[in-house]
>>> print(open('work_16.tsv').read())   # TSV, C-alpha atoms
chain	number	residue	atom	x	y	z
R	24	MET	CA	90.20	81.81	-71.46
R	25	THR	CA	87.97	84.70	-72.40
R	26	THR	CA	85.43	82.30	-73.87
R	27	THR	CA	85.43	80.20	-70.73
R	28	ALA	CA	84.88	83.28	-68.60
R	29	ILE	CA	81.93	84.36	-70.74
R	30	ASN	CA	80.42	80.90	-70.67
R	31	THR	CA	80.29	80.76	-66.91
R	32	LYS	CA	79.01	84.29	-66.24
R	33	GLN	CA	75.74	84.12	-64.34
R	34	PHE	CA	72.90	86.15	-65.79
R	35	MET	CA	70.43	85.65	-62.96
R	36	THR	CA	69.66	83.36	-60.05
R	37	SER	CA	66.81	80.86	-60.03
R	38	GLU	CA	65.00	82.90	-57.34
R	39	GLN	CA	65.13	85.94	-59.59
R	40	LEU	CA	63.64	83.93	-62.46
R	41	LEU	CA	60.82	82.65	-60.23
R	42	GLU	CA	60.01	86.15	-58.99
R	43	HIS	CA	60.06	87.39	-62.61
R	44	TRP	CA	57.70	84.63	-63.72
R	45	GLN	CA	55.28	85.14	-60.83
R	46	GLY	CA	55.27	88.87	-61.64
R	47	HIS	CA	54.22	87.99	-65.18
R	48	ARG	CA	51.59	85.62	-63.79
R	49	ASN	CA	50.16	88.44	-61.68
R	50	LEU	CA	49.85	90.57	-64.80
R	51	THR	CA	48.20	87.75	-66.75
R	52	ARG	CA	45.76	87.34	-63.86
R	53	ARG	CA	44.88	91.05	-64.19
R	54	VAL	CA	44.27	90.56	-67.92
R	55	ILE	CA	41.89	87.66	-67.20
R	56	GLU	CA	40.10	89.89	-64.68
R	57	ALA	CA	39.88	92.76	-67.17
R	58	PHE	CA	37.72	90.77	-69.63
R	59	PRO	CA	33.95	90.93	-69.31
R	60	GLU	CA	32.66	87.45	-68.35
R	61	LYS	CA	31.08	86.66	-71.72
R	62	GLU	CA	33.91	88.01	-73.89
R	63	LEU	CA	36.51	86.11	-71.86
R	64	PHE	CA	35.01	82.86	-73.16
R	65	GLU	CA	33.70	83.96	-76.56
R	66	PHE	CA	35.53	86.93	-78.04
R	67	SER	CA	38.58	86.72	-80.27
R	68	VAL	CA	40.15	88.30	-83.36
R	69	GLY	CA	41.07	86.63	-86.65
R	70	GLY	CA	39.60	83.22	-85.76
R	71	MET	CA	41.97	82.75	-82.81
R	72	ARG	CA	41.05	81.18	-79.46
R	73	PRO	CA	39.24	83.30	-76.84
R	74	PHE	CA	41.42	84.47	-73.94
R	75	ALA	CA	39.94	81.88	-71.53
R	76	LYS	CA	41.27	79.12	-73.83
R	77	LEU	CA	44.70	80.75	-73.91
R	78	ALA	CA	44.69	81.02	-70.11
R	79	VAL	CA	43.74	77.33	-69.81
R	80	GLU	CA	46.73	76.51	-72.03
R	81	LEU	CA	48.99	78.44	-69.65
R	82	ILE	CA	47.49	76.66	-66.63
R	83	SER	CA	48.03	73.30	-68.34
R	84	ILE	CA	51.75	74.05	-68.76
R	85	GLY	CA	53.40	75.81	-65.77
R	86	GLY	CA	52.53	73.68	-62.75
R	87	PRO	CA	52.17	70.29	-64.51
R	88	ALA	CA	55.43	70.86	-66.42
R	89	LEU	CA	57.42	71.67	-63.27
R	90	LYS	CA	55.91	68.63	-61.51
R	91	GLY	CA	57.01	66.50	-64.48
R	92	ILE	CA	60.52	67.97	-64.38
R	93	VAL	CA	60.93	67.42	-60.62
R	94	GLU	CA	59.45	63.89	-60.63
R	95	LYS	CA	61.07	63.04	-63.99
R	96	LYS	CA	57.72	61.92	-65.33
R	97	MET	CA	56.90	62.34	-68.99
R	98	ASP	CA	53.09	62.26	-68.94
R	99	ALA	CA	51.60	63.82	-72.05
R	100	HIS	CA	50.50	67.44	-72.04
R	101	ASP	CA	46.81	67.65	-71.05
R	102	GLU	CA	44.88	70.75	-72.05
R	103	GLU	CA	41.46	69.07	-72.01
R	104	SER	CA	40.68	68.05	-68.43
R	105	PHE	CA	40.22	71.57	-66.99
R	106	ASN	CA	37.18	73.27	-68.54
R	107	PRO	CA	36.23	76.36	-66.54
R	108	LYS	CA	32.81	77.85	-67.23
R	109	THR	CA	33.29	81.08	-65.26
R	110	LYS	CA	35.98	83.71	-64.72
R	111	ALA	CA	35.94	82.94	-60.98
R	112	GLU	CA	36.66	79.27	-61.64
R	113	LEU	CA	39.54	80.20	-63.95
R	114	LEU	CA	41.04	82.66	-61.44
R	115	ASN	CA	40.71	80.15	-58.62
R	116	LYS	CA	42.68	77.55	-60.57
R	117	TRP	CA	45.20	80.24	-61.57
R	118	ASP	CA	45.89	80.95	-57.87
R	119	GLU	CA	46.18	77.26	-57.02
R	120	GLU	CA	48.82	76.90	-59.72
R	121	THR	CA	50.79	79.82	-58.25
R	122	GLU	CA	51.49	77.63	-55.23
R	123	VAL	CA	52.20	74.54	-57.32
R	124	ILE	CA	54.77	76.50	-59.33
R	125	ASN	CA	56.48	77.86	-56.20
R	126	ARG	CA	56.59	74.41	-54.62
R	127	TYR	CA	58.10	72.52	-57.55
R	128	PHE	CA	60.36	75.28	-58.85
R	129	GLY	CA	62.20	75.42	-55.53
R	130	GLN	CA	63.09	71.72	-55.88
R	131	ILE	CA	65.08	72.14	-59.10
R	132	SER	CA	68.84	72.19	-58.53
R	133	GLU	CA	71.32	74.42	-60.35
R	134	GLU	CA	72.72	71.41	-62.20
R	135	ARG	CA	69.25	70.28	-63.22
R	136	PHE	CA	68.52	73.57	-65.04
R	137	GLN	CA	71.29	72.63	-67.46
R	138	GLU	CA	70.20	69.02	-67.97
R	139	THR	CA	68.09	67.95	-70.91
R	140	PHE	CA	64.60	66.65	-70.13
R	141	ASN	CA	61.94	65.31	-72.47
R	142	LEU	CA	59.09	67.50	-71.20
R	143	PHE	CA	55.62	65.94	-71.61
R	144	GLY	CA	57.46	63.16	-73.46
R	145	GLN	CA	57.69	65.56	-76.38
R	146	TYR	CA	59.94	68.62	-75.87
R	147	GLU	CA	63.52	67.57	-75.30
R	148	PHE	CA	65.49	70.64	-74.19
R	149	PRO	CA	67.63	71.81	-71.28
R	150	VAL	CA	65.34	72.49	-68.31
R	151	TYR	CA	66.18	76.22	-68.23
R	152	GLN	CA	65.04	76.51	-71.88
R	153	ASN	CA	61.81	74.70	-71.14
R	154	ILE	CA	61.10	77.09	-68.26
R	155	LEU	CA	61.93	80.16	-70.38
R	156	TYR	CA	59.49	78.80	-72.93
R	157	PHE	CA	56.67	78.72	-70.32
R	158	VAL	CA	57.26	82.40	-69.50
R	159	ASP	CA	57.67	83.44	-73.15
R	160	ASN	CA	54.55	81.56	-74.19
R	161	GLU	CA	52.60	83.34	-71.47
R	162	ILE	CA	53.84	86.79	-72.56
R	163	HIS	CA	53.07	85.89	-76.18
R	164	HIS	CA	49.47	84.87	-75.53
R	165	ARG	CA	48.87	87.68	-73.05
R	166	GLY	CA	50.01	90.17	-75.72
R	167	GLN	CA	47.26	88.70	-77.88
R	168	GLY	CA	44.81	89.26	-75.03
R	169	TYR	CA	45.85	92.93	-75.04
R	170	VAL	CA	44.73	93.17	-78.68
R	171	TYR	CA	41.41	91.51	-77.82
R	172	LEU	CA	40.84	94.06	-75.03
R	173	ARG	CA	41.73	96.96	-77.35
R	174	ALA	CA	39.40	95.57	-80.03
R	175	LEU	CA	36.68	95.54	-77.32
R	176	GLY	CA	37.45	99.21	-76.66
R	177	MET	CA	38.98	98.45	-73.26
R	178	GLU	CA	42.24	99.65	-71.71
R	179	PRO	CA	44.54	96.71	-70.77
R	180	PRO	CA	46.56	96.74	-67.50
R	181	PHE	CA	49.99	98.41	-67.63
R	182	PHE	CA	52.57	95.99	-69.05
R	183	TRP	CA	55.15	96.97	-66.43
R	184	GLU	CA	52.83	96.50	-63.42
R	185	ARG	CA	53.62	93.11	-61.94
R	186	PHE	CA	53.18	93.16	-58.16
Z	15	MET	CA	71.32	78.16	-44.85
Z	16	THR	CA	68.69	76.80	-47.20
Z	17	THR	CA	67.70	80.33	-48.18
Z	18	THR	CA	71.31	81.25	-48.93
Z	19	ALA	CA	71.68	78.18	-51.12
Z	20	ILE	CA	68.54	79.03	-53.08
Z	21	ASN	CA	69.56	82.66	-53.51
Z	22	THR	CA	72.84	81.80	-55.17
Z	23	LYS	CA	71.56	79.08	-57.51
Z	24	GLN	CA	72.32	80.03	-61.10
Z	25	PHE	CA	69.37	79.84	-63.48
Z	26	MET	CA	71.28	80.50	-66.68
Z	27	THR	CA	74.51	82.02	-67.97
Z	28	SER	CA	74.69	85.36	-69.77
Z	29	GLU	CA	75.63	83.61	-73.02
Z	30	GLN	CA	72.48	81.51	-72.78
Z	31	LEU	CA	70.39	84.65	-72.29
Z	32	LEU	CA	72.00	86.32	-75.32
Z	33	GLU	CA	71.37	83.27	-77.50
Z	34	HIS	CA	67.78	83.15	-76.24
Z	35	TRP	CA	67.25	86.83	-77.06
Z	36	GLN	CA	68.80	86.59	-80.51
Z	37	GLY	CA	66.58	83.58	-81.17
Z	38	HIS	CA	63.57	85.74	-80.33
Z	39	ARG	CA	64.96	88.50	-82.54
Z	40	ASN	CA	65.20	86.05	-85.45
Z	41	LEU	CA	61.54	85.18	-84.98
Z	42	THR	CA	60.52	88.84	-84.79
Z	43	ARG	CA	62.46	89.42	-88.02
Z	44	ARG	CA	60.40	86.64	-89.63
Z	45	VAL	CA	57.19	88.33	-88.44
Z	46	ILE	CA	58.30	91.64	-90.00
Z	47	GLU	CA	59.03	89.75	-93.24
Z	48	ALA	CA	55.63	88.03	-93.15
Z	49	PHE	CA	53.68	91.30	-93.39
Z	50	PRO	CA	52.78	92.63	-96.85
Z	51	GLU	CA	54.65	95.93	-97.41
Z	52	LYS	CA	51.60	98.18	-97.13
Z	53	GLU	CA	50.02	96.44	-94.12
Z	54	LEU	CA	53.32	96.47	-92.23
Z	55	PHE	CA	53.07	100.26	-92.08
Z	56	GLU	CA	49.33	100.76	-92.05
Z	57	PHE	CA	47.36	97.83	-90.66
Z	58	SER	CA	46.43	97.37	-87.02
Z	59	VAL	CA	43.59	96.20	-84.77
Z	60	GLY	CA	41.69	98.19	-82.13
Z	61	GLY	CA	43.44	101.49	-82.85
Z	62	MET	CA	46.87	100.13	-81.93
Z	63	ARG	CA	50.15	100.95	-83.71
Z	64	PRO	CA	50.98	99.15	-86.97
Z	65	PHE	CA	53.66	96.45	-86.66
Z	66	ALA	CA	56.37	98.65	-88.25
Z	67	LYS	CA	55.92	101.12	-85.37
Z	68	LEU	CA	56.19	98.32	-82.83
Z	69	ALA	CA	59.37	97.06	-84.55
Z	70	VAL	CA	60.84	100.59	-84.48
Z	71	GLU	CA	60.16	100.68	-80.74
Z	72	LEU	CA	62.08	97.41	-80.33
Z	73	ILE	CA	64.97	98.76	-82.43
Z	74	SER	CA	65.04	101.91	-80.31
Z	75	ILE	CA	65.48	99.86	-77.14
Z	76	GLY	CA	67.81	96.83	-77.47
Z	77	GLY	CA	71.05	98.23	-78.94
Z	78	PRO	CA	70.81	101.79	-77.56
Z	79	ALA	CA	69.89	100.47	-74.10
Z	80	LEU	CA	72.88	98.09	-73.95
Z	81	LYS	CA	75.20	100.87	-75.16
Z	82	GLY	CA	73.85	103.09	-72.37
Z	83	ILE	CA	74.37	100.34	-69.79
Z	84	VAL	CA	77.96	99.63	-70.90
Z	85	GLU	CA	78.95	103.30	-71.20
Z	86	LYS	CA	76.89	104.30	-68.14
Z	87	LYS	CA	75.19	107.02	-70.13
Z	88	MET	CA	71.62	107.97	-69.40
Z	89	ASP	CA	70.57	109.60	-72.69
Z	90	ALA	CA	66.80	109.72	-73.05
Z	91	HIS	CA	64.99	107.03	-75.00
Z	92	ASP	CA	64.68	108.06	-78.66
Z	93	GLU	CA	61.95	106.44	-80.74
Z	94	GLU	CA	61.64	109.29	-83.25
Z	95	SER	CA	64.91	109.52	-85.18
Z	96	PHE	CA	64.57	106.26	-87.16
Z	97	ASN	CA	61.64	106.45	-89.55
Z	98	PRO	CA	61.82	103.61	-92.07
Z	99	LYS	CA	59.60	103.90	-95.15
Z	100	THR	CA	60.10	100.35	-96.45
Z	101	LYS	CA	60.30	96.84	-95.07
Z	102	ALA	CA	63.82	96.50	-96.51
Z	103	GLU	CA	64.97	99.57	-94.58
Z	104	LEU	CA	63.47	98.21	-91.39
Z	105	LEU	CA	65.06	94.76	-91.84
Z	106	ASN	CA	68.42	96.32	-92.65
Z	107	LYS	CA	68.40	98.29	-89.40
Z	108	TRP	CA	67.20	95.20	-87.54
Z	109	ASP	CA	70.28	93.29	-88.73
Z	110	GLU	CA	72.63	96.15	-87.83
Z	111	GLU	CA	71.22	96.11	-84.29
Z	112	THR	CA	71.86	92.36	-84.02
Z	113	GLU	CA	75.59	93.14	-84.13
Z	114	VAL	CA	75.27	96.12	-81.78
Z	115	ILE	CA	73.49	93.91	-79.23
Z	116	ASN	CA	76.13	91.17	-79.47
Z	117	ARG	CA	78.96	93.69	-79.11
Z	118	TYR	CA	77.66	95.51	-76.04
Z	119	PHE	CA	76.07	92.55	-74.29
Z	120	GLY	CA	79.44	90.77	-74.17
Z	121	GLN	CA	80.91	93.71	-72.24
Z	122	ILE	CA	78.56	93.40	-69.26
Z	123	SER	CA	80.17	91.66	-66.28
Z	124	GLU	CA	78.40	89.19	-63.98
Z	125	GLU	CA	78.47	91.76	-61.15
Z	126	ARG	CA	77.01	94.44	-63.39
Z	127	PHE	CA	73.88	92.36	-64.16
Z	128	GLN	CA	73.00	92.71	-60.47
Z	129	GLU	CA	73.73	96.43	-60.19
Z	130	THR	CA	71.00	99.04	-60.47
Z	131	PHE	CA	71.18	101.39	-63.45
Z	132	ASN	CA	68.92	104.28	-64.38
Z	133	LEU	CA	68.26	103.22	-67.98
Z	134	PHE	CA	67.51	106.08	-70.38
Z	135	GLY	CA	67.61	108.27	-67.23
Z	136	GLN	CA	64.19	106.87	-66.44
Z	137	TYR	CA	64.04	103.17	-65.57
Z	138	GLU	CA	66.02	102.43	-62.42
Z	139	PHE	CA	66.30	98.67	-62.04
Z	140	PRO	CA	68.96	95.98	-61.78
Z	141	VAL	CA	70.56	95.51	-65.19
Z	142	TYR	CA	69.34	91.90	-65.53
Z	143	GLN	CA	65.75	93.11	-65.02
Z	144	ASN	CA	66.15	95.81	-67.63
Z	145	ILE	CA	67.45	93.24	-70.12
Z	146	LEU	CA	64.61	90.81	-69.34
Z	147	TYR	CA	62.25	93.70	-69.98
Z	148	PHE	CA	63.69	94.19	-73.50
Z	149	VAL	CA	63.05	90.54	-74.35
Z	150	ASP	CA	59.60	90.46	-72.72
Z	151	ASN	CA	58.54	93.66	-74.45
Z	152	GLU	CA	59.58	92.16	-77.78
Z	153	ILE	CA	57.59	88.95	-77.18
Z	154	HIS	CA	54.60	91.05	-76.04
Z	155	HIS	CA	54.52	93.23	-79.16
Z	156	ARG	CA	55.32	90.35	-81.49
Z	157	GLY	CA	52.35	88.45	-80.04
Z	158	GLN	CA	50.26	91.45	-81.08
Z	159	GLY	CA	51.77	91.19	-84.58
Z	160	TYR	CA	50.56	87.57	-84.67
Z	161	VAL	CA	46.99	88.80	-84.15
Z	162	TYR	CA	47.42	91.38	-86.94
Z	163	LEU	CA	48.61	88.64	-89.30
Z	164	ARG	CA	45.68	86.37	-88.34
Z	165	ALA	CA	43.26	89.29	-88.83
Z	166	LEU	CA	44.80	89.67	-92.31
Z	167	GLY	CA	44.08	86.00	-92.96
Z	168	MET	CA	47.78	85.10	-92.87
Z	169	GLU	CA	49.60	82.30	-91.04
Z	170	PRO	CA	52.30	83.66	-88.65
Z	171	PRO	CA	55.69	81.91	-88.32
Z	172	PHE	CA	55.91	79.07	-85.77
Z	173	PHE	CA	56.46	80.52	-82.28
Z	174	TRP	CA	59.09	77.89	-81.46
Z	175	GLU	CA	61.17	78.40	-84.60
Z	176	ARG	CA	64.09	80.63	-83.64
Z	177	PHE	CA	67.20	79.74	-85.64
>>> encode(input="work_16.tsv", output="structure tokens")
Amino acid sequence: MTTTAINTKQFMTSEQLLEHWQGHRNLTRRVIEAFPEKELFEFSVGGMRPFAKLAVELISIGGPALKGIVEKKMDAHDEESFNPKTKAELLNKWDEETEVINRYFGQISEERFQETFNLFGQYEFPVYQNILYFVDNEIHHRGQGYVYLRALGMEPPFFWERF
Amino acid sequence: MTTTAINTKQFMTSEQLLEHWQGHRNLTRRVIEAFPEKELFEFSVGGMRPFAKLAVELISIGGPALKGIVEKKMDAHDEESFNPKTKAELLNKWDEETEVINRYFGQISEERFQETFNLFGQYEFPVYQNILYFVDNEIHHRGQGYVYLRALGMEPPFFWERF
């Protein structure tokens, strides 16, 4: 009985997760803004990708992944078709995806979060785990952006400032 | 009515969050292990803290924070009293905290996750937000450790490998 009780305890609602994610996305947006134009596209440490490339990866996941989950389509992950040349172009797409994420996230039912889905025809996990991965992956790469900014002698935005 | 329905949709259970966190902690443990002994305590990029210091910060949060939440004690955050001199000492403490986290996390009720608590007498947020912060902060700093490893010419563990 105890085990059953533990298994069904809610940690958070889906609205709380969405708000949490969009808070992280606001912070990532601030990190993009913090980079000088040239360094955003060219600077990195240890042979890694510049922050613009990491941001394009994030853009290629969130919205398209949720669309795939809602429409049950398993189109391959596409990181190549969006190639911004300026910070403004990147930020504009970032803001468009904010709306895409809100729209599709709201269409996922409670039951669906627990169902397995083969995301991008490649990552077969429960939907809630796939969504946690999007957020985690963003925090992971943004943390790398913090190191780039520090290496450039710049102060990154506060980690706890989200809205 | 629609709003009410959305607000009460469960995203994940508390057991799923704990498993998710411990998966991240396994990966962070692998990152600690990946550093050469000397560089773990001395190397960094851009004037940041070495990875051992970041790991000590994580150790000073997870277990002590959950204990504070469960016992409703608001002792100040203490990052100074544990000063490991070796990787083995750090890993040993890391593993001890794994059990502390499991023990206290299991004592938090579903209602409690939604209640506000003044963590460490300083961070007044709903308990679920405080716990998300612990996980996010770990991913953030571990992402920085990945850059350190790359700057050292080393391959970090796979981000998606958790257990």
>>> atom_distance(input="work_16.tsv", atom1="atom CA of Asn40 of chain Z", atom2="atom CA of Gly157 of chain Z")
14.1 Å
>>> atom_distance(input="work_16.tsv", atom1="atom CA of Glu29 of chain Z", atom2="atom CA of Lys87 of chain Z")
23.6 Å
>>> calpha_fit_and_write(input="work_16.tsv", fixed="chain Z", moving="chain R", output="CSV table (one decimal) with C-alpha atoms, keeping the file's coordinate frame")
chain,number,residue,atom,x,y,z
R,24,MET,CA,71.4,78.1,-44.9
R,25,THR,CA,68.7,76.7,-47.3
R,26,THR,CA,67.7,80.3,-48.2
R,27,THR,CA,71.3,81.2,-48.9
R,28,ALA,CA,71.7,78.2,-51.2
R,29,ILE,CA,68.5,79.0,-53.1
R,30,ASN,CA,69.6,82.7,-53.5
R,31,THR,CA,72.8,81.8,-55.2
R,32,LYS,CA,71.6,79.1,-57.5
R,33,GLN,CA,72.3,80.0,-61.1
R,34,PHE,CA,69.4,79.8,-63.5
R,35,MET,CA,71.3,80.5,-66.7
R,36,THR,CA,74.5,82.0,-68.0
R,37,SER,CA,74.7,85.4,-69.7
R,38,GLU,CA,75.6,83.6,-73.0
R,39,GLN,CA,72.5,81.5,-72.8
R,40,LEU,CA,70.4,84.7,-72.3
R,41,LEU,CA,72.0,86.3,-75.3
R,42,GLU,CA,71.4,83.3,-77.5
R,43,HIS,CA,67.8,83.2,-76.2
R,44,TRP,CA,67.2,86.8,-77.0
R,45,GLN,CA,68.8,86.6,-80.5
R,46,GLY,CA,66.6,83.6,-81.2
R,47,HIS,CA,63.6,85.7,-80.3
R,48,ARG,CA,65.0,88.5,-82.5
R,49,ASN,CA,65.2,86.1,-85.5
R,50,LEU,CA,61.5,85.2,-85.0
R,51,THR,CA,60.5,88.8,-84.8
R,52,ARG,CA,62.5,89.4,-88.0
R,53,ARG,CA,60.4,86.6,-89.6
R,54,VAL,CA,57.2,88.3,-88.4
R,55,ILE,CA,58.3,91.6,-90.0
R,56,GLU,CA,59.0,89.7,-93.2
R,57,ALA,CA,55.6,88.0,-93.1
R,58,PHE,CA,53.7,91.3,-93.4
R,59,PRO,CA,52.8,92.6,-96.8
R,60,GLU,CA,54.6,95.9,-97.4
R,61,LYS,CA,51.6,98.2,-97.1
R,62,GLU,CA,50.0,96.4,-94.1
R,63,LEU,CA,53.3,96.5,-92.2
R,64,PHE,CA,53.1,100.3,-92.1
R,65,GLU,CA,49.3,100.8,-92.1
R,66,PHE,CA,47.4,97.8,-90.7
R,67,SER,CA,46.4,97.4,-87.0
R,68,VAL,CA,43.6,96.2,-84.8
R,69,GLY,CA,41.7,98.2,-82.1
R,70,GLY,CA,43.4,101.5,-82.8
R,71,MET,CA,46.9,100.1,-81.9
R,72,ARG,CA,50.1,101.0,-83.7
R,73,PRO,CA,51.0,99.1,-87.0
R,74,PHE,CA,53.7,96.4,-86.7
R,75,ALA,CA,56.4,98.6,-88.3
R,76,LYS,CA,55.9,101.1,-85.4
R,77,LEU,CA,56.2,98.3,-82.8
R,78,ALA,CA,59.4,97.1,-84.5
R,79,VAL,CA,60.8,100.6,-84.5
R,80,GLU,CA,60.2,100.7,-80.7
R,81,LEU,CA,62.1,97.4,-80.3
R,82,ILE,CA,65.0,98.8,-82.4
R,83,SER,CA,65.0,101.9,-80.3
R,84,ILE,CA,65.5,99.9,-77.1
R,85,GLY,CA,67.8,96.8,-77.5
R,86,GLY,CA,71.0,98.2,-78.9
R,87,PRO,CA,70.8,101.8,-77.6
R,88,ALA,CA,69.9,100.5,-74.1
R,89,LEU,CA,72.9,98.1,-73.9
R,90,LYS,CA,75.2,100.9,-75.2
R,91,GLY,CA,73.8,103.1,-72.4
R,92,ILE,CA,74.4,100.4,-69.8
R,93,VAL,CA,78.0,99.6,-70.9
R,94,GLU,CA,79.0,103.3,-71.2
R,95,LYS,CA,76.9,104.3,-68.1
R,96,LYS,CA,75.2,107.0,-70.2
R,97,MET,CA,71.6,108.0,-69.4
R,98,ASP,CA,70.6,109.6,-72.7
R,99,ALA,CA,66.8,109.7,-73.1
R,100,HIS,CA,65.0,107.0,-75.0
R,101,ASP,CA,64.7,108.1,-78.7
R,102,GLU,CA,62.0,106.4,-80.8
R,103,GLU,CA,61.7,109.3,-83.3
R,104,SER,CA,64.9,109.5,-85.2
R,105,PHE,CA,64.6,106.3,-87.2
R,106,ASN,CA,61.7,106.5,-89.6
R,107,PRO,CA,61.8,103.6,-92.1
R,108,LYS,CA,59.6,103.9,-95.2
R,109,THR,CA,60.1,100.4,-96.5
R,110,LYS,CA,60.3,96.8,-95.1
R,111,ALA,CA,63.8,96.5,-96.5
R,112,GLU,CA,65.0,99.6,-94.6
R,113,LEU,CA,63.5,98.2,-91.4
R,114,LEU,CA,65.1,94.8,-91.8
R,115,ASN,CA,68.4,96.3,-92.6
R,116,LYS,CA,68.4,98.3,-89.4
R,117,TRP,CA,67.2,95.2,-87.5
R,118,ASP,CA,70.3,93.3,-88.7
R,119,GLU,CA,72.6,96.1,-87.8
R,120,GLU,CA,71.2,96.1,-84.3
R,121,THR,CA,71.9,92.4,-84.0
R,122,GLU,CA,75.6,93.2,-84.1
R,123,VAL,CA,75.3,96.1,-81.8
R,124,ILE,CA,73.5,93.9,-79.2
R,125,ASN,CA,76.1,91.2,-79.5
R,126,ARG,CA,79.0,93.7,-79.1
R,127,TYR,CA,77.7,95.5,-76.0
R,128,PHE,CA,76.1,92.5,-74.3
R,129,GLY,CA,79.4,90.8,-74.2
R,130,GLN,CA,80.9,93.7,-72.2
R,131,ILE,CA,78.6,93.4,-69.3
R,132,SER,CA,80.1,91.7,-66.3
R,133,GLU,CA,78.4,89.2,-64.0
R,134,GLU,CA,78.5,91.8,-61.1
R,135,ARG,CA,77.0,94.4,-63.4
R,136,PHE,CA,73.9,92.4,-64.1
R,137,GLN,CA,73.0,92.7,-60.5
R,138,GLU,CA,73.7,96.4,-60.2
R,139,THR,CA,71.0,99.0,-60.5
R,140,PHE,CA,71.2,101.4,-63.5
R,141,ASN,CA,68.9,104.3,-64.4
R,142,LEU,CA,68.3,103.2,-68.0
R,143,PHE,CA,67.5,106.1,-70.4
R,144,GLY,CA,67.6,108.3,-67.2
R,145,GLN,CA,64.2,106.9,-66.4
R,146,TYR,CA,64.0,103.2,-65.6
R,147,GLU,CA,66.0,102.5,-62.4
R,148,PHE,CA,66.3,98.7,-62.0
R,149,PRO,CA,69.0,96.0,-61.8
R,150,VAL,CA,70.6,95.5,-65.2
R,151,TYR,CA,69.3,91.9,-65.5
R,152,GLN,CA,65.7,93.1,-65.0
R,153,ASN,CA,66.2,95.8,-67.6
R,154,ILE,CA,67.4,93.2,-70.1
R,155,LEU,CA,64.6,90.8,-69.3
R,156,TYR,CA,62.2,93.7,-70.0
R,157,PHE,CA,63.7,94.2,-73.5
R,158,VAL,CA,63.1,90.5,-74.3
R,159,ASP,CA,59.6,90.5,-72.7
R,160,ASN,CA,58.5,93.7,-74.4
R,161,GLU,CA,59.6,92.2,-77.8
R,162,ILE,CA,57.6,89.0,-77.2
R,163,HIS,CA,54.6,91.0,-76.0
R,164,HIS,CA,54.5,93.2,-79.2
R,165,ARG,CA,55.3,90.4,-81.5
R,166,GLY,CA,52.3,88.4,-80.0
R,167,GLN,CA,50.3,91.4,-81.1
R,168,GLY,CA,51.8,91.2,-84.6
R,169,TYR,CA,50.6,87.6,-84.7
R,170,VAL,CA,47.0,88.8,-84.2
R,171,TYR,CA,47.4,91.4,-86.9
R,172,LEU,CA,48.6,88.6,-89.3
R,173,ARG,CA,45.7,86.4,-88.3
R,174,ALA,CA,43.2,89.3,-88.8
R,175,LEU,CA,44.8,89.7,-92.3
R,176,GLY,CA,44.1,86.0,-92.9
R,177,MET,CA,47.8,85.1,-92.9
R,178,GLU,CA,49.6,82.3,-91.0
R,179,PRO,CA,52.3,83.6,-88.7
R,180,PRO,CA,55.7,81.9,-88.3
R,181,PHE,CA,55.9,79.1,-85.8
R,182,PHE,CA,56.5,80.5,-82.3
R,183,TRP,CA,59.1,77.9,-81.4
R,184,GLU,CA,61.2,78.4,-84.6
R,185,ARG,CA,64.1,80.6,-83.6
R,186,PHE,CA,67.2,79.7,-85.6
>>> interface_residues(input="work_16.tsv", of="chain Z", to="chain R", cutoff="10 Å", atoms="all atoms listed in the file", output="VMD selection string")
chain Z and resid 17 19 to 32 34 38 58 to 62 120 to 128 141 to 143 145 to 147 149 to 168 173 to 174
>>> atom_distance(input="work_16.tsv", atom1="atom CA of Leu133 of chain Z", atom2="atom CA of Ile83 of chain Z")
7.0 Å
>>> axis_aligned_box(input="work_16.tsv", around="segment 95-112 of chain R", padding_each_side="3 Å", output="AutoDock Vina command-line options")
--center_x 46.9 --center_y 72.8 --center_z -66.5 --size_x 34.3 --size_y 27.8 --size_z 17.1
>>> residues_around(input="work_16.tsv", residues="segment 54-61 of chain R", least_positions_apart="6", cutoff="7 Å", atoms="only C-alpha atoms", output="list of chain:residue names")
R:Lys110, R:Pro179, R:Pro180
>>> write_last_selection(input="work_16.tsv", atoms="C-alpha atoms", output="JSON list (two decimals), in the frame of the given file")
[["chain", "number", "residue", "atom", "x", "y", "z"],
["R", 110, "LYS", "CA", 35.98, 83.71, -64.72],
["R", 179, "PRO", "CA", 44.54, 96.71, -70.77],
["R", 180, "PRO", "CA", 46.56, 96.74, -67.50]]
>>> closest_residue(input="work_16.tsv", among="Z:Ile75, Z:Leu54, Z:Glu103, Z:Glu113", to="Asp89 of chain Z", atoms="only C-alpha atoms")
Z:Ile75
>>> residues_around(input="work_16.tsv", residues="Thr121 of chain R", least_positions_apart="3", cutoff="10 Å", atoms="only C-alpha atoms", output="list in words")
Gln45, Arg48, Asn49, Ile82, Gly85, Gly86, Lys116, Trp117, Asp118, Ile124, Asn125 and Arg126 of chain R
>>> write_last_selection(input="work_16.tsv", atoms="C-alpha atoms", output="PDB file, keeping the file's coordinate frame")
ATOM      1  CA  GLN R  45      55.280  85.140 -60.830  1.00  0.00           C
ATOM      2  CA  ARG R  48      51.590  85.620 -63.790  1.00  0.00           C
ATOM      3  CA  ASN R  49      50.160  88.440 -61.680  1.00  0.00           C
ATOM      4  CA  ILE R  82      47.490  76.660 -66.630  1.00  0.00           C
ATOM      5  CA  GLY R  85      53.400  75.810 -65.770  1.00  0.00           C
ATOM      6  CA  GLY R  86      52.530  73.680 -62.750  1.00  0.00           C
ATOM      7  CA  LYS R 116      42.680  77.550 -60.570  1.00  0.00           C
ATOM      8  CA  TRP R 117      45.200  80.240 -61.570  1.00  0.00           C
ATOM      9  CA  ASP R 118      45.890  80.950 -57.870  1.00  0.00           C
ATOM     10  CA  ILE R 124      54.770  76.500 -59.330  1.00  0.00           C
ATOM     11  CA  ASN R 125      56.480  77.860 -56.200  1.00  0.00           C
ATOM     12  CA  ARG R 126      56.590  74.410 -54.620  1.00  0.00           C
TER      13      ARG R 126
END
